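Here's coords-v2.cif, which has mmCIF, C-alpha atoms and all ligand atoms:
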```
data_input
#
loop_
_atom_site.group_PDB
_atom_site.id
_atom_site.type_symbol
_atom_site.label_atom_id
_atom_site.label_comp_id
_atom_site.auth_asym_id
_atom_site.auth_seq_id
_atom_site.Cartn_x
_atom_site.Cartn_y
_atom_site.Cartn_z
ATOM 1 C CA MET A 2 -22.596 -4.167 -8.380
ATOM 2 C CA LYS A 3 -21.066 -6.185 -11.197
ATOM 3 C CA LEU A 4 -18.255 -8.730 -10.836
ATOM 4 C CA ILE A 5 -16.083 -9.026 -13.952
ATOM 5 C CA HIS A 6 -13.264 -11.568 -14.353
ATOM 6 C CA ASP A 7 -12.435 -11.109 -18.018
ATOM 7 C CA VAL A 8 -9.804 -8.479 -18.904
ATOM 8 C CA ALA A 9 -11.270 -7.533 -22.316
ATOM 9 C CA ALA A 10 -14.818 -7.349 -20.913
ATOM 10 C CA MET A 11 -13.662 -5.005 -18.130
ATOM 11 C CA GLN A 12 -11.779 -2.787 -20.563
ATOM 12 C CA GLN A 13 -14.752 -2.575 -22.955
ATOM 13 C CA THR A 14 -17.162 -1.790 -20.119
ATOM 14 C CA MET A 15 -14.954 0.996 -18.805
ATOM 15 C CA LEU A 16 -14.310 2.372 -22.305
ATOM 16 C CA GLN A 17 -18.043 2.612 -22.917
ATOM 17 C CA LEU A 18 -18.589 4.452 -19.614
ATOM 18 C CA LYS A 19 -15.784 6.872 -20.482
ATOM 19 C CA ARG A 20 -17.379 7.538 -23.877
ATOM 20 C CA GLU A 21 -20.580 8.414 -22.018
ATOM 21 C CA GLY A 22 -18.577 10.990 -20.060
ATOM 22 C CA ARG A 23 -18.524 9.156 -16.725
ATOM 23 C CA ARG A 24 -15.738 9.839 -14.258
ATOM 24 C CA ILE A 25 -14.168 6.619 -13.012
ATOM 25 C CA ALA A 26 -12.698 6.275 -9.527
ATOM 26 C CA PHE A 27 -10.567 3.196 -8.999
ATOM 27 C CA VAL A 28 -9.161 1.350 -5.971
ATOM 28 C CA PRO A 29 -6.600 -1.367 -6.841
ATOM 29 C CA THR A 30 -6.364 -4.060 -4.146
ATOM 30 C CA MET A 31 -5.139 -7.581 -3.530
ATOM 31 C CA GLY A 32 -8.384 -8.410 -1.724
ATOM 32 C CA PHE A 33 -9.081 -9.638 1.808
ATOM 33 C CA LEU A 34 -10.502 -6.189 2.272
ATOM 34 C CA HIS A 35 -10.548 -4.398 5.610
ATOM 35 C CA GLU A 36 -11.382 -0.977 6.988
ATOM 36 C CA GLY A 37 -8.316 0.524 5.274
ATOM 37 C CA HIS A 38 -9.676 -0.490 1.866
ATOM 38 C CA ALA A 39 -13.164 0.637 2.903
ATOM 39 C CA SER A 40 -11.819 4.152 3.557
ATOM 40 C CA LEU A 41 -10.361 4.207 0.016
ATOM 41 C CA LEU A 42 -13.632 2.976 -1.461
ATOM 42 C CA ARG A 43 -15.728 5.534 0.434
ATOM 43 C CA GLU A 44 -13.453 8.342 -0.721
ATOM 44 C CA GLY A 45 -13.517 6.937 -4.274
ATOM 45 C CA ARG A 46 -17.322 6.946 -4.144
ATOM 46 C CA LYS A 47 -17.208 10.702 -3.549
ATOM 47 C CA ARG A 48 -14.677 11.339 -6.304
ATOM 48 C CA GLY A 49 -16.209 9.445 -9.242
ATOM 49 C CA ASP A 50 -19.559 8.707 -10.908
ATOM 50 C CA ILE A 51 -18.387 5.127 -11.241
ATOM 51 C CA LEU A 52 -16.490 3.306 -8.501
ATOM 52 C CA ALA A 53 -14.426 0.282 -9.540
ATOM 53 C CA LEU A 54 -11.995 -1.822 -7.561
ATOM 54 C CA SER A 55 -9.706 -4.625 -8.585
ATOM 55 C CA ILE A 56 -8.991 -7.727 -6.549
ATOM 56 C CA PHE A 57 -5.891 -9.459 -7.798
ATOM 57 C CA VAL A 58 -3.131 -11.131 -5.812
ATOM 58 C CA ASN A 59 -0.409 -10.147 -8.233
ATOM 59 C CA PRO A 60 2.200 -12.929 -8.533
ATOM 60 C CA ALA A 61 4.699 -10.527 -10.130
ATOM 61 C CA GLN A 62 5.188 -8.601 -6.882
ATOM 62 C CA PHE A 63 5.948 -11.622 -4.688
ATOM 63 C CA GLY A 64 9.467 -12.992 -4.310
ATOM 64 C CA PRO A 65 10.114 -16.754 -4.556
ATOM 65 C CA HIS A 66 10.063 -17.244 -0.765
ATOM 66 C CA GLU A 67 7.214 -14.872 0.021
ATOM 67 C CA ASP A 68 3.583 -15.548 0.932
ATOM 68 C CA LEU A 69 1.896 -15.643 -2.523
ATOM 69 C CA GLU A 70 0.275 -19.059 -1.952
ATOM 70 C CA ARG A 71 -0.928 -18.355 1.562
ATOM 71 C CA TYR A 72 -1.937 -14.715 0.978
ATOM 72 C CA PRO A 73 -5.494 -14.526 2.418
ATOM 73 C CA ARG A 74 -8.348 -14.565 -0.080
ATOM 74 C CA ASN A 75 -12.114 -14.081 0.377
ATOM 75 C CA LEU A 76 -13.843 -12.967 -2.831
ATOM 76 C CA ASP A 77 -17.405 -13.286 -1.453
ATOM 77 C CA GLY A 78 -16.596 -11.293 1.669
ATOM 78 C CA ASP A 79 -14.723 -8.708 -0.412
ATOM 79 C CA CYS A 80 -17.691 -8.275 -2.768
ATOM 80 C CA ALA A 81 -20.022 -7.759 0.198
ATOM 81 C CA LEU A 82 -17.721 -5.109 1.695
ATOM 82 C CA ALA A 83 -17.235 -3.408 -1.681
ATOM 83 C CA GLU A 84 -20.978 -3.298 -2.323
ATOM 84 C CA GLY A 85 -21.530 -1.835 1.145
ATOM 85 C CA CYS A 86 -19.102 0.955 0.223
ATOM 86 C CA GLY A 87 -21.018 1.729 -2.971
ATOM 87 C CA ALA A 88 -18.773 0.034 -5.563
ATOM 88 C CA ASP A 89 -20.218 -0.420 -9.056
ATOM 89 C CA PHE A 90 -17.639 -2.863 -10.432
ATOM 90 C CA VAL A 91 -15.310 -5.473 -8.961
ATOM 91 C CA PHE A 92 -12.627 -6.560 -11.399
ATOM 92 C CA ALA A 93 -11.132 -9.899 -10.341
ATOM 93 C CA PRO A 94 -8.963 -11.198 -13.182
ATOM 94 C CA THR A 95 -7.064 -14.480 -13.228
ATOM 95 C CA ALA A 96 -3.264 -14.628 -13.284
ATOM 96 C CA THR A 97 -3.254 -15.956 -16.861
ATOM 97 C CA GLY A 98 -5.741 -13.260 -17.885
ATOM 98 C CA MET A 99 -3.289 -10.636 -16.651
ATOM 99 C CA TYR A 100 -0.095 -12.434 -17.693
ATOM 100 C CA PRO A 101 -0.939 -14.561 -20.738
ATOM 101 C CA PRO A 102 1.752 -16.733 -22.330
ATOM 102 C CA GLY A 103 4.203 -14.481 -24.124
ATOM 103 C CA PHE A 104 3.872 -11.602 -21.675
ATOM 104 C CA GLN A 105 7.287 -9.946 -21.472
ATOM 105 C CA THR A 106 7.075 -6.232 -20.688
ATOM 106 C CA THR A 107 8.663 -4.712 -17.593
ATOM 107 C CA VAL A 108 8.698 -1.209 -16.162
ATOM 108 C CA ALA A 109 12.154 0.104 -15.261
ATOM 109 C CA LEU A 110 12.009 2.207 -12.101
ATOM 110 C CA GLY A 111 14.472 4.669 -10.566
ATOM 111 C CA PRO A 112 16.077 5.516 -7.208
ATOM 112 C CA LEU A 113 12.791 5.619 -5.256
ATOM 113 C CA THR A 114 12.749 1.823 -5.400
ATOM 114 C CA LYS A 115 16.222 1.315 -3.928
ATOM 115 C CA PRO A 116 15.808 1.793 -0.135
ATOM 116 C CA LEU A 117 13.351 0.422 2.444
ATOM 117 C CA CYS A 118 11.066 -2.296 1.015
ATOM 118 C CA GLY A 119 12.931 -2.148 -2.297
ATOM 119 C CA ALA A 120 16.152 -3.227 -0.576
ATOM 120 C CA SER A 121 14.573 -6.197 1.181
ATOM 121 C CA ARG A 122 12.151 -7.226 -1.591
ATOM 122 C CA PRO A 123 14.126 -7.089 -4.856
ATOM 123 C CA GLY A 124 11.836 -6.842 -7.892
ATOM 124 C CA HIS A 125 8.757 -6.180 -5.753
ATOM 125 C CA PHE A 126 8.114 -2.670 -7.019
ATOM 126 C CA ASN A 127 8.674 -3.679 -10.648
ATOM 127 C CA GLY A 128 5.858 -6.182 -10.169
ATOM 128 C CA VAL A 129 3.694 -3.497 -8.576
ATOM 129 C CA ALA A 130 4.443 -0.978 -11.343
ATOM 130 C CA VAL A 131 3.628 -3.439 -14.126
ATOM 131 C CA VAL A 132 0.320 -4.488 -12.623
ATOM 132 C CA VAL A 133 -0.714 -0.926 -11.767
ATOM 133 C CA ALA A 134 0.150 0.236 -15.302
ATOM 134 C CA LYS A 135 -1.893 -2.669 -16.710
ATOM 135 C CA LEU A 136 -4.812 -1.980 -14.380
ATOM 136 C CA PHE A 137 -4.781 1.688 -15.400
ATOM 137 C CA GLY A 138 -4.846 0.585 -19.068
ATOM 138 C CA ILE A 139 -7.778 -1.737 -18.425
ATOM 139 C CA VAL A 140 -9.858 0.421 -16.066
ATOM 140 C CA GLN A 141 -8.811 3.832 -17.464
ATOM 141 C CA PRO A 142 -9.567 5.618 -14.202
ATOM 142 C CA ASP A 143 -9.741 9.383 -13.820
ATOM 143 C CA VAL A 144 -8.700 9.032 -10.213
ATOM 144 C CA ALA A 145 -7.029 6.138 -8.344
ATOM 145 C CA LEU A 146 -6.745 5.815 -4.582
ATOM 146 C CA PHE A 147 -3.929 4.172 -2.617
ATOM 147 C CA GLY A 148 -3.230 3.814 1.102
ATOM 148 C CA ARG A 149 -0.310 5.634 2.681
ATOM 149 C CA LYS A 150 0.635 2.552 4.682
ATOM 150 C CA ASP A 151 2.474 1.506 1.512
ATOM 151 C CA TYR A 152 4.228 4.878 1.485
ATOM 152 C CA GLN A 153 7.041 3.887 -0.860
ATOM 153 C CA GLN A 154 4.615 2.202 -3.261
ATOM 154 C CA LEU A 155 2.540 5.376 -3.393
ATOM 155 C CA ALA A 156 5.648 7.510 -4.077
ATOM 156 C CA ILE A 157 6.729 5.173 -6.892
ATOM 157 C CA ILE A 158 3.274 5.132 -8.482
ATOM 158 C CA ARG A 159 3.057 8.932 -8.339
ATOM 159 C CA GLN A 160 6.476 9.119 -10.011
ATOM 160 C CA MET A 161 5.512 6.611 -12.715
ATOM 161 C CA VAL A 162 2.253 8.437 -13.459
ATOM 162 C CA HIS A 163 4.126 11.737 -13.669
ATOM 163 C CA ASP A 164 7.011 10.417 -15.775
ATOM 164 C CA LEU A 165 4.795 8.500 -18.215
ATOM 165 C CA ASN A 166 2.100 11.222 -18.402
ATOM 166 C CA LEU A 167 -0.609 8.773 -17.430
ATOM 167 C CA PRO A 168 -3.919 10.666 -17.304
ATOM 168 C CA VAL A 169 -4.926 9.658 -13.794
ATOM 169 C CA GLU A 170 -5.009 11.608 -10.544
ATOM 170 C CA ILE A 171 -3.366 9.717 -7.676
ATOM 171 C CA VAL A 172 -4.836 10.177 -4.206
ATOM 172 C CA GLY A 173 -2.990 8.936 -1.096
ATOM 173 C CA MET A 174 -5.214 8.181 1.872
ATOM 174 C CA PRO A 175 -4.241 8.143 5.578
ATOM 175 C CA ILE A 176 -3.305 4.916 7.345
ATOM 176 C CA VAL A 177 -6.298 3.343 9.083
ATOM 177 C CA ARG A 178 -5.420 1.971 12.512
ATOM 178 C CA GLU A 179 -7.113 -0.340 14.984
ATOM 179 C CA PRO A 180 -8.226 1.449 18.189
ATOM 180 C CA ASP A 181 -4.946 0.359 19.848
ATOM 181 C CA GLY A 182 -2.844 1.761 16.986
ATOM 182 C CA LEU A 183 -2.000 -1.310 14.885
ATOM 183 C CA ALA A 184 -2.125 -0.350 11.212
ATOM 184 C CA ARG A 185 -4.808 -2.288 9.339
ATOM 185 C CA SER A 186 -3.344 -4.875 6.983
ATOM 186 C CA SER A 187 -4.577 -8.045 5.327
ATOM 187 C CA ARG A 188 -1.464 -9.711 6.762
ATOM 188 C CA ASN A 189 -2.658 -9.021 10.341
ATOM 189 C CA SER A 190 -4.807 -12.123 9.821
ATOM 190 C CA TYR A 191 -1.620 -14.237 10.068
ATOM 191 C CA LEU A 192 -1.011 -13.104 13.674
ATOM 192 C CA THR A 193 -1.910 -15.213 16.703
ATOM 193 C CA ALA A 194 -3.497 -13.349 19.640
ATOM 194 C CA GLU A 195 -0.082 -13.166 21.325
ATOM 195 C CA GLN A 196 1.622 -11.903 18.154
ATOM 196 C CA ARG A 197 -1.173 -9.370 17.674
ATOM 197 C CA ARG A 198 -0.187 -7.895 21.077
ATOM 198 C CA GLN A 199 3.519 -8.033 20.198
ATOM 199 C CA ALA A 200 2.838 -6.245 16.893
ATOM 200 C CA LEU A 201 1.934 -3.097 18.837
ATOM 201 C CA CYS A 202 5.669 -2.425 19.194
ATOM 202 C CA LEU A 203 5.588 -0.833 15.712
ATOM 203 C CA TYR A 204 3.061 1.753 16.845
ATOM 204 C CA ARG A 205 4.905 2.303 20.123
ATOM 205 C CA ALA A 206 8.098 2.995 18.152
ATOM 206 C CA ILE A 207 6.262 5.489 15.951
ATOM 207 C CA LYS A 208 4.702 7.265 18.919
ATOM 208 C CA GLN A 209 8.023 7.399 20.766
ATOM 209 C CA VAL A 210 9.792 9.047 17.816
ATOM 210 C CA ARG A 211 6.961 11.503 17.286
ATOM 211 C CA GLU A 212 6.984 12.476 20.963
ATOM 212 C CA LEU A 213 10.750 13.030 21.038
ATOM 213 C CA PHE A 214 10.590 15.005 17.791
ATOM 214 C CA ALA A 215 7.740 17.150 19.175
ATOM 215 C CA GLN A 216 9.995 17.886 22.195
ATOM 216 C CA GLY A 217 12.661 19.186 19.816
ATOM 217 C CA GLU A 218 14.873 16.128 19.255
ATOM 218 C CA GLN A 219 16.131 16.105 15.663
ATOM 219 C CA ARG A 220 19.145 13.824 15.865
ATOM 220 C CA VAL A 221 18.535 10.853 13.601
ATOM 221 C CA ASP A 222 20.597 8.360 15.597
ATOM 222 C CA TRP A 223 18.839 9.294 18.857
ATOM 223 C CA LEU A 224 15.393 9.050 17.356
ATOM 224 C CA LEU A 225 16.175 5.720 15.742
ATOM 225 C CA ALA A 226 17.715 4.345 18.939
ATOM 226 C CA ALA A 227 14.535 5.230 20.834
ATOM 227 C CA ALA A 228 12.413 3.494 18.207
ATOM 228 C CA ARG A 229 14.710 0.474 18.146
ATOM 229 C CA SER A 230 14.455 0.009 21.910
ATOM 230 C CA GLN A 231 10.647 -0.214 21.619
ATOM 231 C CA ILE A 232 10.929 -2.972 19.023
ATOM 232 C CA GLU A 233 13.783 -4.821 20.735
ATOM 233 C CA ALA A 234 11.744 -4.995 23.943
ATOM 234 C CA VAL A 235 9.677 -7.635 22.113
ATOM 235 C CA ALA A 236 11.667 -10.847 21.724
ATOM 236 C CA ALA A 237 9.531 -12.111 18.826
ATOM 237 C CA ALA A 238 10.155 -8.943 16.795
ATOM 238 C CA THR A 239 12.932 -8.726 14.190
ATOM 239 C CA ILE A 240 13.672 -5.406 12.540
ATOM 240 C CA GLU A 241 14.020 -5.603 8.760
ATOM 241 C CA TYR A 242 14.484 -1.863 8.462
ATOM 242 C CA LEU A 243 13.901 1.144 10.673
ATOM 243 C CA GLU A 244 14.813 4.398 8.982
ATOM 244 C CA LEU A 245 14.313 8.135 8.869
ATOM 245 C CA ARG A 246 14.305 9.417 5.293
ATOM 246 C CA ASP A 247 13.219 12.407 3.288
ATOM 247 C CA GLY A 248 9.461 12.071 2.745
ATOM 248 C CA VAL A 249 9.699 13.017 -0.951
ATOM 249 C CA THR A 250 12.990 11.630 -2.264
ATOM 250 C CA LEU A 251 13.308 8.790 0.287
ATOM 251 C CA GLN A 252 16.994 9.728 0.606
ATOM 252 C CA PRO A 253 18.735 9.659 4.040
ATOM 253 C CA VAL A 254 18.495 12.837 6.142
ATOM 254 C CA ASP A 255 21.032 14.488 8.483
ATOM 255 C CA ARG A 256 18.404 15.850 10.867
ATOM 256 C CA ALA A 257 14.720 15.092 11.284
ATOM 257 C CA THR A 258 12.250 17.754 10.107
ATOM 258 C CA ASN A 259 8.478 17.946 9.652
ATOM 259 C CA GLU A 260 8.931 16.388 6.190
ATOM 260 C CA THR A 261 10.903 13.392 7.459
ATOM 261 C CA LEU A 262 9.453 9.941 7.051
ATOM 262 C CA LEU A 263 9.912 7.291 9.721
ATOM 263 C CA ALA A 264 9.447 3.933 7.982
ATOM 264 C CA LEU A 265 9.772 0.492 9.454
ATOM 265 C CA ALA A 266 9.357 -3.139 8.506
ATOM 266 C CA VAL A 267 9.332 -5.619 11.365
ATOM 267 C CA LYS A 268 8.780 -9.346 11.428
ATOM 268 C CA ILE A 269 6.613 -10.682 14.232
ATOM 269 C CA GLY A 270 7.365 -14.380 14.018
ATOM 270 C CA ALA A 271 7.085 -15.078 10.293
ATOM 271 C CA THR A 272 4.729 -12.168 9.579
ATOM 272 C CA ARG A 273 6.237 -9.071 8.025
ATOM 273 C CA LEU A 274 4.483 -5.846 8.990
ATOM 274 C CA ILE A 275 5.194 -2.321 7.729
ATOM 275 C CA ASP A 276 4.205 1.045 9.132
ATOM 276 C CA ASN A 277 5.259 4.664 8.765
ATOM 277 C CA THR A 278 4.631 8.243 9.744
ATOM 278 C CA VAL A 279 5.674 11.655 8.455
ATOM 279 C CA LEU A 280 6.829 13.512 11.572
ATOM 280 C CA GLY A 281 5.096 16.818 10.830
ATOM 281 C CA GLU A 282 1.779 15.287 9.825
ATOM 282 C CA ALA A 283 -1.116 14.043 11.936
ATOM 283 C CA LEU A 284 -0.864 10.398 12.962
HETATM 284 O O1 LIG B 1 -1.152 -2.253 -2.392
HETATM 285 C C1 LIG B 1 -1.597 -3.288 -2.942
HETATM 286 O O2 LIG B 1 -2.560 -3.920 -2.485
HETATM 287 C C2 LIG B 1 -0.926 -3.785 -4.213
HETATM 288 O O3 LIG B 1 0.446 -3.574 -4.164
HETATM 289 C C3 LIG B 1 -1.541 -3.194 -5.492
HETATM 290 C C4 LIG B 1 -1.353 -1.694 -5.561
HETATM 291 C C5 LIG B 1 -3.011 -3.531 -5.554
HETATM 292 C C6 LIG B 1 -0.848 -3.803 -6.712
HETATM 293 O O4 LIG B 1 -0.991 -5.179 -6.742
#
```

Would you mind giving the structure from this file in structure tokens?
Ligand code: PAF
Amino acid sequence: MKLIHDVAAMQQTMLQLKREGRRIAFVPTMGFLHEGHASLLREGRKRGDILALSIFVNPAQFGPHEDLERYPRNLDGDCALAEGCGADFVFAPTATGMYPPGFQTTVALGPLTKPLCGASRPGHFNGVAVVVAKLFGIVQPDVALFGRKDYQQLAIIRQMVHDLNLPVEIVGMPIVREPDGLARSSRNSYLTAEQRRQALCLYRAIKQVRELFAQGEQRVDWLLAAARSQIEAVAAATIEYLELRDGVTLQPVDRATNETLLALAVKIGATRLIDNTVLGEAL
């Protein structure tokens, strides 16, 4: 496995492999890899001759009061995990390599960015879209894999790829959970043991809504009230959003259906966690 920091060197290496007819599978990450990333890498290994991942904590997608500085980093550990999953290339650029002086281009996004995380993290998805577009230009993947935990991000990237005719297949992979249901996230490392227990209220809320829906309940306010009571039972938990929306357009729905997305962002202490489920799909 090769570790490349330089943007031009990565682009040249990938270009050469493409000229040789190799199919490139790509997993963009911000590092501090866990089992969720490993599932993307293993699937990527099956889908390409070459498996590349990027590790870049992208400053453009963090707001001024967010956790850019303290975002967990562990390049050596990440390389070991990536190699164990069969990666051929790790691309770990610097911030100035990605955003040299004079950088000025933005990507204007549409209505998919307005609700949910877009409402609470203004500019976040523009930062994601710019870096993903750049990474696609550098790595030139045939297929790129993203986790469905960042459901809105995945929807926005699919839309961007479609609208801009980018020649890359986007694959969304299921959320990977701990045995007790907590969705895997690099930010789980911020939680104390007590907060780790409290964080299970997100999964309890999801299960509660799914159970009620399976019993025939479709009323949005009832389903949301049931979910809210699971979260509010934990004093340390603060709901940022808790919503039922159309799983494709992310617009509000009148009644829940199999295609409805339950999405939530909850702060446990200072740690912001997100989770989601589509009601008609397996958990
Ligand atoms: O999901 C992430 O880890 C990031 O948002 C991504 C897609 C790597 C862009 O920085």

In Å, how far is it from CA of Leu4 (chain A) to CA of Val91 (chain A)?
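CA of Val91 (chain A) lies at a distance of 4.8 Å from CA of Leu4 (chain A).
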
List all protein, DNA and RNA residues that have any atom at most 8 Å from ligand LIG 1 (chain B), counting all atoms listed in the file, and write the list as a list in words.
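If we count all atoms listed in the file, the neighbours of ligand LIG 1 (chain B) turn out to be Val28, Pro29, Thr30, Met31, Gly32, Ser55, Ile56, Phe57, Val58, Asn59, Gln62, Gly128, Val129, Ala130, Val132, Val133, Phe147, Gly148, Asp151 and Gln154 of chain A.
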
Shell of 10 Å around region 19-23 of chain A, all atoms listed in the file, local chain residues under 4 positions omitted, as a list in words:
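With the cut-off at 10 Å, the set is Gln13, Thr14, Met15, Gly49, Asp50, Ile51, Val140, Gln141, Pro142 and Asp143 of chain A.
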
For Thr261 (chain A), please output as an MDAnalysis selection string all residues within 7 Å (counting only C-alpha atoms; exclusion window: fewer than 6 positions along the same chain).
chainID A and resid 245:248 279:280

Taking all atoms listed in the file into account, produce a table as a tab-separated table in which each residue of region 84-180 of chain A with an atom at most 12 Å from an atom of region 189-203 of chain A appears once, together with its shortest atom pair and the distance in Å to one decimal, ordered by chain and rising number.
```
residue	atom	partner	partner_atom	distance
A:Arg178	CA	A:Leu201	CA	10.9
A:Glu179	CA	A:Leu201	CA	10.2
A:Pro180	CA	A:Leu201	CA	11.1
```

Run the PyMOL selection byres (((chain A and resi 228) around 7) and not hetatm) against the file shown and list the residues it catches, as a PDB file with C-alpha atoms, keeping the file's coordinate frame.
```pdb
ATOM      1  CA  ALA A 206       8.098   2.995  18.152  1.00  0.00           C
ATOM      2  CA  ILE A 207       6.262   5.489  15.951  1.00  0.00           C
ATOM      3  CA  GLN A 209       8.023   7.399  20.766  1.00  0.00           C
ATOM      4  CA  VAL A 210       9.792   9.047  17.816  1.00  0.00           C
ATOM      5  CA  LEU A 224      15.393   9.050  17.356  1.00  0.00           C
ATOM      6  CA  LEU A 225      16.175   5.720  15.742  1.00  0.00           C
ATOM      7  CA  ALA A 226      17.715   4.345  18.939  1.00  0.00           C
ATOM      8  CA  ALA A 227      14.535   5.230  20.834  1.00  0.00           C
ATOM      9  CA  ARG A 229      14.710   0.474  18.146  1.00  0.00           C
ATOM     10  CA  SER A 230      14.455   0.009  21.910  1.00  0.00           C
ATOM     11  CA  GLN A 231      10.647  -0.214  21.619  1.00  0.00           C
ATOM     12  CA  ILE A 232      10.929  -2.972  19.023  1.00  0.00           C
TER      13      ILE A 232
END
```

So how far away is CA of Tyr242 (chain A) from CA of Gln219 (chain A), in Å?
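A separation of 19.4 Å between them.
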
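Put simply, CA of Val8 (chain A) is 7.1 Å away from CA of Ile139 (chain A).
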
Output the residue selection produced by the PyMOL selection byres (((chain A and resi 86) around 12) and not hetatm) on the file above, formatted as an MDAnalysis selection string.
chainID A and resid 2 28 34:47 52:54 79:85 87:91

Could you work out an axis-aligned box for region 188-206 of chain A, taking every atom the file lists and adding 4 Å on each side, and report centre and edge lengths in Å to one decimal, as JSON?
```
{"center_x": 1.6, "center_y": -6.1, "center_z": 14.0, "size_x": 20.9, "size_y": 26.2, "size_z": 22.6}
```

Please return as number ranges by chain every residue within 9 Å of (-14.5, -14.6, -14.9), taking into account only C-alpha atoms and the file's own coordinates.
A: 4-8, 92-95

Taking (8.2, 8.8, -1.6) in the file's coordinates, which residues come within 7 Å, counting only C-alpha atoms, written as a PyMOL selection string?
chain A and resi 113+152-153+155-157+248-251

Which residues are near Ala238 (chain A)? Cut-off 7 Å, only C-alpha atoms, ignore same chain within fewer than 5 positions. Put them as a CSV table (one decimal) with C-alpha atoms, keeping the file's coordinate frame.
```
chain,number,residue,atom,x,y,z
A,232,ILE,CA,10.9,-3.0,19.0
A,233,GLU,CA,13.8,-4.8,20.7
A,267,VAL,CA,9.3,-5.6,11.4
A,268,LYS,CA,8.8,-9.3,11.4
A,269,ILE,CA,6.6,-10.7,14.2
A,270,GLY,CA,7.4,-14.4,14.0
```
